[in-house]
Amino acid sequence: MEVPEIKIYPDPVLREVAEEVKEIMDEEIQEIIDQMFLAMYKTPNGIGLAANQIGVKKRIVVFDFKREKDRKGDPFVIINPEIVWTDGKIIHEEACLSIPGFSAKVTRKKRVGIRGYDRNGKLIEREGDDIEAICFQHEVDHLNGILFIDHVSGLKKAIFKRKMRKLMREARRKAHA
């Protein structure tokens, strides 16, 4: 199975709202899930990935929190996830596989409850706090076309945009050389 490339900002698919999965047991959906895990594991530090990050506009997210220091648990998928409750507030340095080389402090909910379906179509509900809650919110945002940079201050956003313009100019220069 080929490992898909993770889409990098400003790829337009990252700004599109993902579609609900109608047939979870569909062979194509199962293959997408496997590809998502492969793409996430290809990175040194990814703990979550949304389907649109590999160019698939479906409401699927995968997680593996044990890739985070001192965390336990098995990898899992949530299809058609929705955050059903939130509590508290946390500020954390956030980064994204689709925005390499940039991180910023983001305010999120400290605890969340999320509901969706596993890869067998069984309804699942999970709770997360701290890094898990942050990751749940980050990945559901992806499915709604929202990036973590949309949550940062105007100054941080301006710094990010300048950095991206510079990187894009350098890439164009190299392409024409």
# chains A, B, ... in the order shown; residues from 1 in each chain; ligands from 1

$ residues_around --residues "Ile124 (chain A)" --least-positions-apart "6" --cutoff "8 Å" --atoms "only C-alpha atoms" --output "PDB file with C-alpha atoms, in the first residue's frame"
ATOM      1  CA  ILE A  78     -13.213   8.019  14.901  1.00  0.00           C
ATOM      2  CA  ARG A 115     -18.549  10.724  19.836  1.00  0.00           C
ATOM      3  CA  GLY A 116     -18.404   8.927  16.518  1.00  0.00           C
ATOM      4  CA  TYR A 117     -17.951   5.459  15.070  1.00  0.00           C
ATOM      5  CA  ASP A 118     -15.063   3.015  15.013  1.00  0.00           C
TER       6      ASP A 118
END

$ residues_around --residues "region 23-32 of chain A" --least-positions-apart "3" --cutoff "7 Å" --atoms "only C-alpha atoms" --output "list in words"
Gln35, Met36, Arg119, Asn120 and Gly121 of chain A

$ write_last_selection --atoms "C-alpha atoms" --output "PDB file, in the first residue's frame"
ATOM      1  CA  GLN A  35      -3.496   4.958   4.590  1.00  0.00           C
ATOM      2  CA  MET A  36      -4.080   7.614   7.246  1.00  0.00           C
ATOM      3  CA  ARG A 119     -13.954   1.296  11.821  1.00  0.00           C
ATOM      4  CA  ASN A 120     -16.517  -1.471  12.418  1.00  0.00           C
ATOM      5  CA  GLY A 121     -19.422   0.982  12.598  1.00  0.00           C
TER       6      GLY A 121
END

$ closest_residue --among "A:Val61, A:Ala51, A:Glu20, A:Glu132" --to "Glu5 (chain A)" --atoms "only C-alpha atoms"
A:Ala51

$ closest_residue --among "A:His151, A:Lys58, A:Ala95, A:Glu68" --to "Arg108 (chain A)" --atoms "only C-alpha atoms"
A:His151

$ closest_residue --among "A:Pro4, A:Gly48, A:Gly101, A:Gly55" --to "Val77 (chain A)" --atoms "only C-alpha atoms"
A:Gly48

$ atom_distance --atom1 "CA of Asp141 (chain A)" --atom2 "CA of Tyr41 (chain A)"
20.8 Å
